[in-house]
$ cat model_36.cif   # mmCIF, C-alpha atoms
data_data
#
loop_
_atom_site.label_atom_id
_atom_site.label_comp_id
_atom_site.auth_asym_id
_atom_site.auth_seq_id
_atom_site.Cartn_x
_atom_site.Cartn_y
_atom_site.Cartn_z
CA MET A 1 25.16 137.25 117.22
CA SER A 2 28.30 136.94 119.31
CA ARG A 3 29.41 139.53 121.84
CA PRO A 4 31.33 142.44 120.24
CA LEU A 5 35.08 142.59 120.81
CA LEU A 6 37.17 145.61 121.75
CA GLN A 7 39.87 146.69 119.30
CA LEU A 8 42.79 148.98 120.11
CA ALA A 9 43.70 151.13 117.09
CA LEU A 10 47.33 152.25 117.00
CA ASP A 11 47.57 155.38 114.88
CA HIS A 12 50.91 156.48 116.22
CA THR A 13 53.63 157.86 113.97
CA SER A 14 56.27 155.88 115.88
CA LEU A 15 56.40 152.18 116.67
CA ALA A 16 57.98 152.78 120.08
CA ALA A 17 55.04 154.95 121.14
CA ALA A 18 52.57 152.37 119.82
CA GLN A 19 54.33 149.59 121.70
CA ARG A 20 54.17 151.55 124.95
CA ASP A 21 50.38 151.73 124.60
CA VAL A 22 50.21 148.03 123.69
CA ALA A 23 52.17 147.18 126.84
CA ARG A 24 49.66 149.12 128.94
CA LEU A 25 46.55 147.89 127.19
CA GLN A 26 47.00 144.49 125.55
CA ASP A 27 45.53 142.58 128.48
CA HIS A 28 42.45 144.82 128.34
CA VAL A 29 41.52 144.52 124.65
CA ASP A 30 40.69 141.64 122.27
CA ILE A 31 42.22 142.95 119.04
CA VAL A 32 45.28 145.07 118.26
CA GLU A 33 45.25 147.15 115.07
CA ALA A 34 48.36 148.37 113.27
CA GLY A 35 46.77 151.58 111.96
CA THR A 36 47.41 153.07 108.54
CA ILE A 37 49.51 155.95 109.89
CA LEU A 38 51.74 153.55 111.83
CA CYS A 39 52.10 151.15 108.88
CA LEU A 40 53.02 153.94 106.44
CA ALA A 41 55.56 155.25 108.96
CA GLU A 42 57.17 151.95 109.95
CA GLY A 43 56.37 149.48 107.17
CA LEU A 44 56.04 145.74 107.69
CA ASN A 45 58.19 146.05 110.77
CA ALA A 46 55.13 147.45 112.58
CA ILE A 47 53.16 144.25 111.91
CA LYS A 48 56.07 142.00 112.83
CA ALA A 49 56.89 143.86 116.04
CA LEU A 50 53.26 143.87 117.22
CA ARG A 51 52.94 140.16 116.39
CA ALA A 52 56.02 139.50 118.55
CA GLN A 53 54.71 141.72 121.34
CA CYS A 54 51.28 140.12 121.53
CA PRO A 55 51.45 136.64 120.02
CA GLU A 56 47.95 135.62 121.15
CA LYS A 57 45.92 138.66 120.04
CA ILE A 58 44.01 139.10 116.82
CA LEU A 59 46.23 141.53 114.85
CA VAL A 60 44.81 143.78 112.11
CA ALA A 61 46.83 145.30 109.26
CA ASP A 62 44.76 148.42 108.51
CA TRP A 63 46.21 148.92 105.05
CA LYS A 64 43.03 150.01 103.20
CA VAL A 65 44.23 148.10 100.13
CA ALA A 66 42.99 149.49 96.79
CA ASP A 67 44.91 147.30 94.34
CA ALA A 68 47.45 144.46 94.24
CA GLY A 69 45.27 142.44 96.60
CA GLU A 70 47.28 139.23 96.28
CA THR A 71 50.74 140.70 96.89
CA LEU A 72 49.61 142.88 99.78
CA ALA A 73 47.65 140.09 101.46
CA GLN A 74 50.70 137.83 101.23
CA GLN A 75 52.84 140.57 102.79
CA ALA A 76 50.37 141.27 105.60
CA PHE A 77 49.56 137.67 106.55
CA ASN A 78 53.17 136.48 106.25
CA ALA A 79 54.19 139.27 108.62
CA GLY A 80 51.72 138.00 111.21
CA ALA A 81 48.44 139.83 110.62
CA ASN A 82 45.16 137.94 111.14
CA TRP A 83 42.92 140.43 109.39
CA MET A 84 43.68 142.92 106.58
CA THR A 85 41.51 145.85 105.47
CA ILE A 86 40.57 146.59 101.83
CA ILE A 87 39.06 149.94 100.85
CA CYS A 88 35.54 149.76 99.41
CA ALA A 89 36.70 151.57 96.25
CA ALA A 90 38.95 148.63 95.30
CA PRO A 91 38.00 146.62 92.20
CA LEU A 92 36.17 143.37 92.99
CA ALA A 93 39.17 141.46 91.56
CA THR A 94 41.29 142.94 94.37
CA VAL A 95 38.77 141.81 96.99
CA GLU A 96 38.65 138.31 95.50
CA LYS A 97 42.43 137.95 95.40
CA GLY A 98 42.87 139.35 98.88
CA HIS A 99 40.21 137.00 100.22
CA GLN A 100 41.79 133.96 98.53
CA VAL A 101 45.13 134.67 100.17
CA ALA A 102 43.44 135.41 103.50
CA ARG A 103 41.58 132.10 103.43
CA ALA A 104 44.74 130.18 102.54
CA CYS A 105 46.49 131.81 105.51
CA GLY A 106 43.63 131.36 107.96
CA GLY A 107 43.05 135.12 107.93
CA GLU A 108 40.14 137.41 107.08
CA ILE A 109 39.47 140.49 104.96
CA GLN A 110 37.60 143.52 106.30
CA MET A 111 36.04 145.95 103.80
CA GLU A 112 36.61 149.53 104.86
CA LEU A 113 33.59 151.70 104.06
CA PHE A 114 34.31 155.26 102.95
CA GLY A 115 32.67 157.37 100.26
CA ASN A 116 30.30 156.07 97.58
CA TRP A 117 29.95 152.32 98.22
CA THR A 118 26.58 150.66 97.55
CA PHE A 119 24.64 147.73 99.00
CA ASP A 120 25.19 145.94 95.67
CA ASP A 121 28.93 146.27 96.36
CA ALA A 122 28.34 144.80 99.82
CA ARG A 123 26.46 141.83 98.34
CA ALA A 124 29.29 141.30 95.84
CA TRP A 125 31.87 141.31 98.65
CA TYR A 126 29.74 138.80 100.57
CA HIS A 127 29.63 136.56 97.50
CA THR A 128 33.43 136.53 97.25
CA GLY A 129 33.42 135.08 100.79
CA VAL A 130 34.20 138.26 102.75
CA ARG A 131 32.26 138.42 106.03
CA GLN A 132 33.45 141.65 107.66
CA ALA A 133 33.24 145.38 107.05
CA ILE A 134 34.30 148.47 108.96
CA TYR A 135 31.83 151.31 109.38
CA HIS A 136 33.44 154.68 109.95
CA ARG A 137 33.06 158.13 111.07
CA GLY A 138 36.46 159.13 109.64
CA ARG A 139 38.70 161.27 111.85
CA ASP A 140 38.41 164.17 109.45
CA ALA A 141 34.63 163.78 109.11
CA GLN A 142 34.41 163.51 112.89
CA ALA A 143 36.59 166.59 113.42
CA SER A 144 34.33 168.49 111.03
CA GLY A 145 31.38 167.69 113.32
CA GLN A 146 29.65 164.72 111.64
CA GLN A 147 27.66 162.69 114.22
CA TRP A 148 26.27 159.16 114.29
CA GLY A 149 22.72 159.37 112.96
CA ASP A 150 19.69 157.31 112.00
CA ALA A 151 20.98 157.06 108.42
CA ASP A 152 24.20 155.45 109.69
CA LEU A 153 22.26 153.00 111.84
CA ALA A 154 19.90 152.05 109.00
CA ARG A 155 22.87 151.39 106.70
CA MET A 156 24.57 149.29 109.36
CA LYS A 157 21.40 147.24 109.83
CA THR A 158 21.19 146.55 106.08
CA LEU A 159 24.86 145.51 106.02
CA SER A 160 24.19 143.18 108.97
CA ASP A 161 21.25 141.67 107.07
CA ILE A 162 23.47 141.11 104.00
CA GLY A 163 25.67 139.02 106.26
CA LEU A 164 28.57 141.30 107.09
CA ALA A 165 29.67 141.66 110.70
CA LEU A 166 30.65 145.27 111.36
CA SER A 167 33.48 146.85 113.23
CA ILE A 168 32.51 150.36 114.20
CA THR A 169 34.89 153.25 114.61
CA GLY A 170 35.20 157.01 114.79
CA GLY A 171 35.39 158.63 118.20
CA ILE A 172 33.39 155.82 119.89
CA THR A 173 32.98 156.08 123.67
CA PRO A 174 31.33 153.58 126.04
CA ALA A 175 28.28 155.87 126.23
CA ASP A 176 27.70 155.45 122.45
CA LEU A 177 27.36 151.66 122.55
CA PRO A 178 23.58 151.33 123.13
CA LEU A 179 23.07 152.97 119.70
CA PHE A 180 24.36 149.80 118.04
CA LYS A 181 22.25 147.20 119.87
CA GLN A 182 20.46 146.00 116.71
CA ILE A 183 23.65 145.68 114.66
CA ASN A 184 25.82 142.57 114.14
CA VAL A 185 28.92 144.16 115.69
CA LYS A 186 32.23 142.33 115.36
CA ALA A 187 34.21 144.93 117.28
CA PHE A 188 34.23 148.45 118.59
CA ILE A 189 37.44 150.15 117.55
CA ALA A 190 38.89 152.73 119.92
CA GLY A 191 42.10 154.63 119.40
CA ARG A 192 42.56 157.92 121.19
CA ALA A 193 39.54 157.18 123.44
CA LEU A 194 41.88 154.62 125.03
CA THR A 195 45.40 155.87 124.39
CA ASP A 196 44.74 159.51 125.31
CA ALA A 197 42.73 158.67 128.45
CA ASP A 198 44.14 159.47 131.89
CA ARG A 199 43.21 155.94 132.97
CA PRO A 200 43.09 153.89 129.77
CA GLN A 201 42.58 150.53 131.50
CA GLN A 202 39.51 151.91 133.23
CA VAL A 203 38.10 153.14 129.91
CA ALA A 204 38.67 149.65 128.47
CA ALA A 205 36.83 148.18 131.46
CA GLU A 206 33.93 150.57 130.84
CA PHE A 207 33.73 149.40 127.21
CA HIS A 208 33.64 145.75 128.30
CA ALA A 209 31.03 146.45 131.02
CA GLN A 210 28.77 148.23 128.52
CA ILE A 211 29.22 145.42 125.98
CA ARG A 212 28.24 142.83 128.62
CA ASP A 213 25.25 144.90 129.72
CA ILE A 214 23.95 145.22 126.18
CA TRP A 215 24.94 141.94 124.49
CA GLY A 216 25.05 139.61 127.51
CA ASP A 217 27.83 137.64 129.08
CA LYS A 218 28.19 134.71 126.68
CA MET B 1 48.42 171.68 77.73
CA SER B 2 52.02 170.89 78.62
CA ARG B 3 53.84 167.79 77.41
CA PRO B 4 53.14 164.68 79.52
CA LEU B 5 55.86 163.46 81.84
CA LEU B 6 57.07 159.88 82.35
CA GLN B 7 56.68 158.42 85.85
CA LEU B 8 58.51 155.33 87.13
CA ALA B 9 56.31 153.40 89.59
CA LEU B 10 58.23 151.35 92.13
CA ASP B 11 55.99 148.55 93.37
CA HIS B 12 58.79 146.45 94.77
CA THR B 13 58.52 144.66 98.10
CA SER B 14 62.11 145.60 98.96
CA LEU B 15 63.76 149.01 98.97
CA ALA B 16 67.08 147.59 97.74
CA ALA B 17 65.39 146.19 94.62
CA ALA B 18 63.57 149.49 94.04
CA GLN B 19 66.79 151.44 94.37
CA ARG B 20 68.53 149.23 91.80
CA ASP B 21 65.83 150.13 89.28
CA VAL B 22 66.06 153.81 90.22
CA ALA B 23 69.82 153.72 89.61
CA ARG B 24 69.23 152.30 86.13
CA LEU B 25 66.32 154.53 85.20
CA GLN B 26 66.32 157.82 87.05
CA ASP B 27 68.04 159.72 84.24
CA HIS B 28 65.40 158.43 81.84
CA VAL B 29 62.21 159.42 83.69
CA ASP B 30 60.74 162.66 85.04
CA ILE B 31 59.00 161.39 88.18
CA VAL B 32 59.79 158.62 90.67
CA GLU B 33 56.90 157.02 92.55
CA ALA B 34 57.23 155.22 95.87
CA GLY B 35 54.40 152.76 95.25
CA THR B 36 51.91 151.55 97.83
CA ILE B 37 53.45 148.07 98.09
CA LEU B 38 56.91 149.53 98.69
CA CYS B 39 55.65 152.08 101.24
CA LEU B 40 53.71 149.46 103.22
CA ALA B 41 56.79 147.22 103.21
CA GLU B 42 59.41 149.83 104.11
CA GLY B 43 57.55 152.72 105.71
CA LEU B 44 58.73 156.33 105.56
CA ASN B 45 62.24 155.09 105.00
CA ALA B 46 61.24 154.35 101.39
CA ILE B 47 60.39 158.02 100.80
CA LYS B 48 63.50 159.29 102.56
CA ALA B 49 65.85 156.90 100.75
CA LEU B 50 64.40 157.72 97.32
CA ARG B 51 64.61 161.45 98.09
CA ALA B 52 68.28 160.99 98.95
CA GLN B 53 68.90 158.91 95.85
CA CYS B 54 67.28 161.34 93.42
CA PRO B 55 67.25 164.80 94.98
CA GLU B 56 66.12 166.59 91.81
CA LYS B 57 63.24 164.36 90.71
CA ILE B 58 59.55 164.83 91.45
CA LEU B 59 58.86 162.16 94.10
CA VAL B 60 55.37 160.72 94.65
CA ALA B 61 54.18 159.05 97.86
CA ASP B 62 51.48 156.72 96.49
CA TRP B 63 49.74 156.27 99.82
CA LYS B 64 46.10 156.33 98.62
CA VAL B 65 45.15 158.17 101.81
CA ALA B 66 41.56 157.59 103.00
CA ASP B 67 41.59 159.45 106.32
CA ALA B 68 43.89 161.49 108.57
CA GLY B 69 44.78 163.74 105.65
CA GLU B 70 46.67 166.29 107.71
CA THR B 71 48.90 163.87 109.63
CA LEU B 72 49.70 161.75 106.58
CA ALA B 73 50.43 164.75 104.36
CA GLN B 74 52.81 166.11 107.01
CA GLN B 75 54.55 162.74 107.17
CA ALA B 76 54.84 162.39 103.40
CA PHE B 77 55.99 165.93 102.60
CA ASN B 78 58.38 166.12 105.56
CA ALA B 79 59.99 162.89 104.36
CA GLY B 80 60.63 164.47 100.97
CA ALA B 81 57.65 163.69 98.76
CA ASN B 82 56.46 166.32 96.27
CA TRP B 83 53.10 164.75 95.52
CA MET B 84 50.88 162.49 97.67
CA THR B 85 47.91 160.42 96.50
CA ILE B 86 44.48 160.41 98.19
CA ILE B 87 41.91 157.73 97.36
CA CYS B 88 38.68 159.03 95.78
CA ALA B 89 36.63 157.37 98.55
CA ALA B 90 38.16 159.68 101.18
CA PRO B 91 35.85 162.23 102.84
CA LEU B 92 36.14 165.72 101.37
CA ALA B 93 37.51 166.90 104.73
CA THR B 94 40.49 164.59 104.20
CA VAL B 95 41.11 166.03 100.74
CA GLU B 96 40.89 169.59 102.08
CA LYS B 97 43.30 168.93 104.94
CA GLY B 98 45.73 167.04 102.72
CA HIS B 99 45.66 169.86 100.18
CA GLN B 100 46.24 172.54 102.84
CA VAL B 101 49.37 170.76 104.07
CA ALA B 102 50.51 170.11 100.49
CA ARG B 103 50.17 173.78 99.58
CA ALA B 104 52.04 174.87 102.72
CA CYS B 105 54.87 172.48 101.80
CA GLY B 106 54.97 173.39 98.10
CA GLY B 107 53.55 169.97 97.25
CA GLU B 108 50.49 168.68 95.43
CA ILE B 109 47.70 166.16 96.00
CA GLN B 110 46.67 163.61 93.38
CA MET B 111 43.23 162.01 93.65
CA GLU B 112 43.38 158.31 92.92
CA LEU B 113 40.30 157.14 90.98
CA PHE B 114 38.99 153.68 91.83
CA GLY B 115 35.42 152.43 92.19
CA ASN B 116 32.32 154.63 92.45
CA TRP B 117 33.58 158.23 92.22
CA THR B 118 31.42 160.83 90.44
CA PHE B 119 32.04 163.98 88.39
CA ASP B 120 30.46 165.92 91.27
CA ASP B 121 33.23 164.51 93.48
CA ALA B 122 35.76 165.66 90.88
CA ARG B 123 34.30 169.18 90.88
CA ALA B 124 34.41 169.23 94.69
CA TRP B 125 38.09 168.19 94.67
CA TYR B 126 38.82 170.94 92.13
CA HIS B 127 37.11 173.48 94.39
CA THR B 128 39.35 172.50 97.32
CA GLY B 129 42.30 173.46 95.11
CA VAL B 130 43.36 169.98 93.95
CA ARG B 131 44.48 169.97 90.29
CA GLN B 132 45.54 166.36 89.67
CA ALA B 133 43.96 162.93 89.48
CA ILE B 134 45.19 159.45 88.58
CA TYR B 135 43.18 157.37 86.16
CA HIS B 136 43.69 153.61 86.52
CA ARG B 137 43.33 150.29 85.10
CA GLY B 138 44.17 148.60 88.41
CA ARG B 139 46.62 145.67 88.28
CA ASP B 140 43.89 143.29 89.34
CA ALA B 141 41.36 144.72 86.86
CA GLN B 142 44.04 144.60 84.18
CA ALA B 143 44.97 140.99 85.04
CA SER B 144 41.29 140.07 84.77
CA GLY B 145 41.30 141.37 81.18
CA GLN B 146 39.78 144.88 81.42
CA GLN B 147 40.94 147.04 78.47
CA TRP B 148 41.08 150.79 77.85
CA GLY B 149 37.81 151.70 76.16
CA ASP B 150 35.77 154.62 74.84
CA ALA B 151 34.05 154.93 78.23
CA ASP B 152 37.45 155.44 79.91
CA LEU B 153 38.45 158.06 77.35
CA ALA B 154 35.15 159.95 77.68
CA ARG B 155 35.52 160.04 81.47
CA MET B 156 39.10 161.27 81.15
CA LYS B 157 37.98 164.03 78.78
CA THR B 158 35.33 165.19 81.25
CA LEU B 159 37.87 165.20 84.08
CA SER B 160 40.22 167.25 81.88
CA ASP B 161 37.40 169.71 81.21
CA ILE B 162 36.71 170.00 84.97
CA GLY B 163 40.31 171.15 85.31
CA LEU B 164 42.13 168.09 86.55
CA ALA B 165 45.35 167.01 84.88
CA LEU B 166 45.48 163.22 84.69
CA SER B 167 48.21 160.72 85.29
CA ILE B 168 47.35 157.50 83.49
CA THR B 169 48.38 154.06 84.60
CA GLY B 170 47.70 150.36 84.27
CA GLY B 171 49.85 148.36 81.88
CA ILE B 172 50.58 151.37 79.63
CA THR B 173 53.00 150.80 76.74
CA PRO B 174 54.35 153.36 74.24
CA ALA B 175 51.94 151.98 71.62
CA ASP B 176 48.95 152.99 73.80
CA LEU B 177 49.81 156.69 73.96
CA PRO B 178 47.94 157.97 70.86
CA LEU B 179 44.68 156.94 72.61
CA PHE B 180 45.14 159.82 75.06
CA LYS B 181 45.84 162.66 72.61
CA GLN B 182 42.73 164.66 73.59
CA ILE B 183 43.35 164.34 77.34
CA ASN B 184 45.17 166.78 79.64
CA VAL B 185 47.82 164.24 80.64
CA LYS B 186 50.18 165.13 83.48
CA ALA B 187 52.14 161.88 83.31
CA PHE B 188 52.14 158.35 82.02
CA ILE B 189 52.95 155.98 84.84
CA ALA B 190 54.89 152.85 83.98
CA GLY B 191 56.05 150.22 86.43
CA ARG B 192 56.74 146.74 85.17
CA ALA B 193 56.68 148.00 81.53
CA LEU B 194 59.99 149.63 82.46
CA THR B 195 61.41 147.55 85.30
CA ASP B 196 60.69 144.15 83.76
CA ALA B 197 61.92 145.12 80.28
CA ASP B 198 65.09 143.57 78.87
CA ARG B 199 66.25 147.06 77.88
CA PRO B 200 64.40 149.44 80.21
CA GLN B 201 66.24 152.57 79.09
CA GLN B 202 65.20 151.89 75.51
CA VAL B 203 61.55 151.48 76.58
CA ALA B 204 61.80 154.84 78.39
CA ALA B 205 63.22 156.38 75.22
CA GLU B 206 60.29 154.96 73.24
CA PHE B 207 57.83 156.57 75.69
CA HIS B 208 59.57 159.94 75.33
CA ALA B 209 59.70 159.66 71.53
CA GLN B 210 55.97 158.87 71.36
CA ILE B 211 55.17 161.74 73.74
CA ARG B 212 57.17 164.17 71.57
CA ASP B 213 55.53 162.86 68.39
CA ILE B 214 52.02 163.34 69.81
CA TRP B 215 52.32 166.39 72.06
CA GLY B 216 55.21 168.20 70.38
CA ASP B 217 58.63 169.17 71.58
CA LYS B 218 57.89 172.16 73.85
#

$ encode --input "model_36.cif" --output "structure tokens"
Amino acid sequence: MSRPLLQLALDHTSLAAAQRDVARLQDHVDIVEAGTILCLAEGLNAIKALRAQCPEKILVADWKVADAGETLAQQAFNAGANWMTIICAAPLATVEKGHQVARACGGEIQMELFGNWTFDDARAWYHTGVRQAIYHRGRDAQASGQQWGDADLARMKTLSDIGLALSITGGITPADLPLFKQINVKAFIAGRALTDADRPQQVAAEFHAQIRDIWGDK
Amino acid sequence: MSRPLLQLALDHTSLAAAQRDVARLQDHVDIVEAGTILCLAEGLNAIKALRAQCPEKILVADWKVADAGETLAQQAFNAGANWMTIICAAPLATVEKGHQVARACGGEIQMELFGNWTFDDARAWYHTGVRQAIYHRGRDAQASGQQWGDADLARMKTLSDIGLALSITGGITPADLPLFKQINVKAFIAGRALTDADRPQQVAAEFHAQIRDIWGDK
């Protein structure tokens, strides 16, 4: 299990505001995510501008694709994304087509878990070649008070055992990280925990220190 | 049950190409849809430009929202959309928040049905105040050979009985329409059936003629 990465989620409604946060934080994170809100506001230009701003970072197009997997994957990867998200409710044909384009482009697909997905779905995604999923406390679920619980952790463990590395998101703070010690974590995704902090670079450093304490320094 | 409407889906990767089809077809359809592919390519500008081009049409932002229902609904309705889609996998909190903003703006939410949704979900959406859903054969499912079947029609009938008006999409042609006679159909959604036709206005006329034949002239 490799050491988890730190992902900066950009859920701004304006590209200029997102780019200001990238300028402050890109040297302190491993992955930059063009969030759904930003992508729906700014279109492909968001992906292209972030690719230009941070040419060496892993860049995620958080599009939560539900259909037209081939066309959307071509659009995302041609614009410079490394990873693209597909919503768990998508037909398996969409996952397969998205994954084929991703593989041809040297990219990866991440399955975004919301609602009524099943472990059989997860095994089917794994069999298409997909190796990543995103486990959420959604912002609305989070705002309505839903906490991380044992049921979440048990589901994450099963997903890890199926072979999917998980990125974990939803109001994550450095203090939450020990909860996920048994999970195959690809990345911790932080948005407002970083961008709304008084000292965002210090918060990023606290994430990295916790990750090293828990998962080691390799 | 009112007469079904005809919706033009714009799944272009460029706004200019979408607007050419709108210019040809807007007088022949009831609803114009800014499709997911177009919105992810062009951002909010797609919604604004289509609103400017057809100020009197119902305009749909097909965003398939999974989270951040309040922010995204504000963005969509402020840009000029009348209806916004939410993916069935979204948490109920997202549906509630999206619907609250929609109602405040005089708009409506449409639940987009993909994957493992349940009739209990449908009843929960109805109780939030949502009155529309979109029933799909996805383009990828369709390309892999999945047909409309009795199971689809039975599910649509149950959704109608729950109180949701359905928009139906996925390779629909005028010849398919009699299948849906018993369903509370809000709209038939046609994309490439119209835009790729040699004589798109004639295809639109055939849809309207079939709709009048089946549902009457009122």

$ residues_around --input "model_36.cif" --residues "Ala133 (chain A)" --least-positions-apart "6" --cutoff "10 Å" --atoms "only C-alpha atoms" --output "compact mmCIF listing (two decimals) with C-alpha atoms, keeping the file's coordinate frame"
# COMPACT_ATOMS: atom_id res chain seq x y z
CA THR A 85 41.51 145.85 105.47
CA ILE A 86 40.57 146.59 101.83
CA ILE A 87 39.06 149.94 100.85
CA CYS A 88 35.54 149.76 99.41
CA ILE A 109 39.47 140.49 104.96
CA GLN A 110 37.60 143.52 106.30
CA MET A 111 36.04 145.95 103.80
CA GLU A 112 36.61 149.53 104.86
CA LEU A 113 33.59 151.70 104.06
CA ALA A 122 28.34 144.80 99.82
CA TRP A 125 31.87 141.31 98.65
CA TYR A 126 29.74 138.80 100.57
CA MET A 156 24.57 149.29 109.36
CA LEU A 159 24.86 145.51 106.02
CA SER A 160 24.19 143.18 108.97
CA GLY A 163 25.67 139.02 106.26
CA LEU A 164 28.57 141.30 107.09
CA ALA A 165 29.67 141.66 110.70
CA LEU A 166 30.65 145.27 111.36
CA SER A 167 33.48 146.85 113.23
CA ILE A 168 32.51 150.36 114.20
CA VAL A 185 28.92 144.16 115.69
CA LYS A 186 32.23 142.33 115.36

$ residues_around --input "model_36.cif" --residues "Leu44 (chain A)" --least-positions-apart "5" --cutoff "12 Å" --atoms "all atoms listed in the file" --output "VMD selection string"
(chain A and resid 15 34 to 36 38 to 39 49 to 51 61 to 63 72 to 81) or (chain B and resid 13 to 14 37 to 46)

$ residues_near_point --input "model_36.cif" --point "(45.9, 173.9, 92.0)" --cutoff "9 Å" --atoms "all atoms listed in the file" --output "ChimeraX atom specification"
/B:103,108-109,126,128-132,164

$ write_last_selection --input "model_36.cif" --atoms "C-alpha atoms" --output "JSON list (two decimals), keeping the file's coordinate frame"
[["chain", "number", "residue", "atom", "x", "y", "z"],
["B", 103, "ARG", "CA", 50.17, 173.78, 99.58],
["B", 108, "GLU", "CA", 50.49, 168.68, 95.43],
["B", 109, "ILE", "CA", 47.70, 166.16, 96.00],
["B", 126, "TYR", "CA", 38.82, 170.94, 92.13],
["B", 128, "THR", "CA", 39.35, 172.50, 97.32],
["B", 129, "GLY", "CA", 42.30, 173.46, 95.11],
["B", 130, "VAL", "CA", 43.36, 169.98, 93.95],
["B", 131, "ARG", "CA", 44.48, 169.97, 90.29],
["B", 132, "GLN", "CA", 45.54, 166.36, 89.67],
["B", 164, "LEU", "CA", 42.13, 168.09, 86.55]]

$ closest_residue --input "model_36.cif" --among "B:Pro91, B:Pro200, B:Gly191, B:Pro174" --to "chain A" --atoms "all atoms listed in the file"
B:Pro91

$ atom_distance --input "model_36.cif" --atom1 "CA of Gln202 (chain B)" --atom2 "CA of Leu8 (chain B)"
13.8 Å

$ closest_residue --input "model_36.cif" --among "B:Ala18, B:Met84, B:Ala190, B:Val95" --to "chain A" --atoms "only C-alpha atoms"
B:Val95

$ atom_distance --input "model_36.cif" --atom1 "CA of Glu206 (chain A)" --atom2 "CA of Leu10 (chain A)"
19.3 Å

$ atom_distance --input "model_36.cif" --atom1 "CA of Ala23 (chain B)" --atom2 "CA of Trp83 (chain B)"
20.9 Å

$ closest_residue --input "model_36.cif" --among "A:Ala143, A:Leu59, A:Leu6, A:Leu25" --to "chain B" --atoms "all atoms listed in the file"
A:Ala143

$ closest_residue --input "model_36.cif" --among "B:Ala154, B:Ala209, B:Leu92, B:Ile214" --to "chain A" --atoms "all atoms listed in the file"
B:Leu92

$ residues_around --input "model_36.cif" --residues "Asp152 (chain B)" --least-positions-apart "4" --cutoff "12 Å" --atoms "only C-alpha atoms" --output "list in words"
Leu113, Tyr135, His136, Arg137, Gln146, Gln147, Trp148, Met156, Lys157, Thr158, Leu159, Ile168, Thr169, Leu179, Phe180 and Ile183 of chain B

$ write_last_selection --input "model_36.cif" --atoms "C-alpha atoms" --output "mmCIF file, in the frame of the given file"
data_model
loop_
_atom_site.group_PDB
_atom_site.id
_atom_site.type_symbol
_atom_site.label_atom_id
_atom_site.label_comp_id
_atom_site.auth_asym_id
_atom_site.auth_seq_id
_atom_site.Cartn_x
_atom_site.Cartn_y
_atom_site.Cartn_z
ATOM 1 C CA LEU B 113 40.300 157.140 90.980
ATOM 2 C CA TYR B 135 43.180 157.370 86.160
ATOM 3 C CA HIS B 136 43.690 153.610 86.520
ATOM 4 C CA ARG B 137 43.330 150.290 85.100
ATOM 5 C CA GLN B 146 39.780 144.880 81.420
ATOM 6 C CA GLN B 147 40.940 147.040 78.470
ATOM 7 C CA TRP B 148 41.080 150.790 77.850
ATOM 8 C CA MET B 156 39.100 161.270 81.150
ATOM 9 C CA LYS B 157 37.980 164.030 78.780
ATOM 10 C CA THR B 158 35.330 165.190 81.250
ATOM 11 C CA LEU B 159 37.870 165.200 84.080
ATOM 12 C CA ILE B 168 47.350 157.500 83.490
ATOM 13 C CA THR B 169 48.380 154.060 84.600
ATOM 14 C CA LEU B 179 44.680 156.940 72.610
ATOM 15 C CA PHE B 180 45.140 159.820 75.060
ATOM 16 C CA ILE B 183 43.350 164.340 77.340
#

$ closest_residue --input "model_36.cif" --among "A:Gly69, A:Pro55, A:Gly106, A:Gly115" --to "chain B" --atoms "all atoms listed in the file"
A:Gly115

$ residues_near_point --input "model_36.cif" --point "(31.0, 141.9, 126.4)" --cutoff "12 Å" --atoms "only C-alpha atoms" --output "PyMOL selection string"
chain A and resi 1-6+28-30+174+177+185-188+204-218

$ closest_residue --input "model_36.cif" --among "B:His12, B:Arg24, B:Arg192, B:Arg199" --to "chain A" --atoms "all atoms listed in the file"
B:His12

$ decode --input "model_36.cif" --residues "region 16-30 of chain A" --atoms "C-alpha atoms" --output "short mmCIF file (atom, residue, chain, number, x, y, z; two decimals), in the first residue's frame"
data_model
loop_
_atom_site.label_atom_id
_atom_site.label_comp_id
_atom_site.auth_asym_id
_atom_site.auth_seq_id
_atom_site.Cartn_x
_atom_site.Cartn_y
_atom_site.Cartn_z
CA ALA A 16 -9.67 33.15 -11.59
CA ALA A 17 -10.49 32.37 -7.95
CA ALA A 18 -9.50 28.73 -8.43
CA GLN A 19 -6.20 29.74 -9.99
CA ARG A 20 -5.40 32.04 -7.07
CA ASP A 21 -5.74 29.07 -4.72
CA VAL A 22 -3.66 26.88 -7.04
CA ALA A 23 -0.90 29.50 -7.03
CA ARG A 24 -0.86 29.45 -3.23
CA LEU A 25 -1.13 25.70 -2.82
CA GLN A 26 0.22 23.77 -5.79
CA ASP A 27 3.63 23.21 -4.23
CA HIS A 28 1.93 21.79 -1.14
CA VAL A 29 -0.36 19.18 -2.72
CA ASP A 30 0.11 16.15 -5.00
#
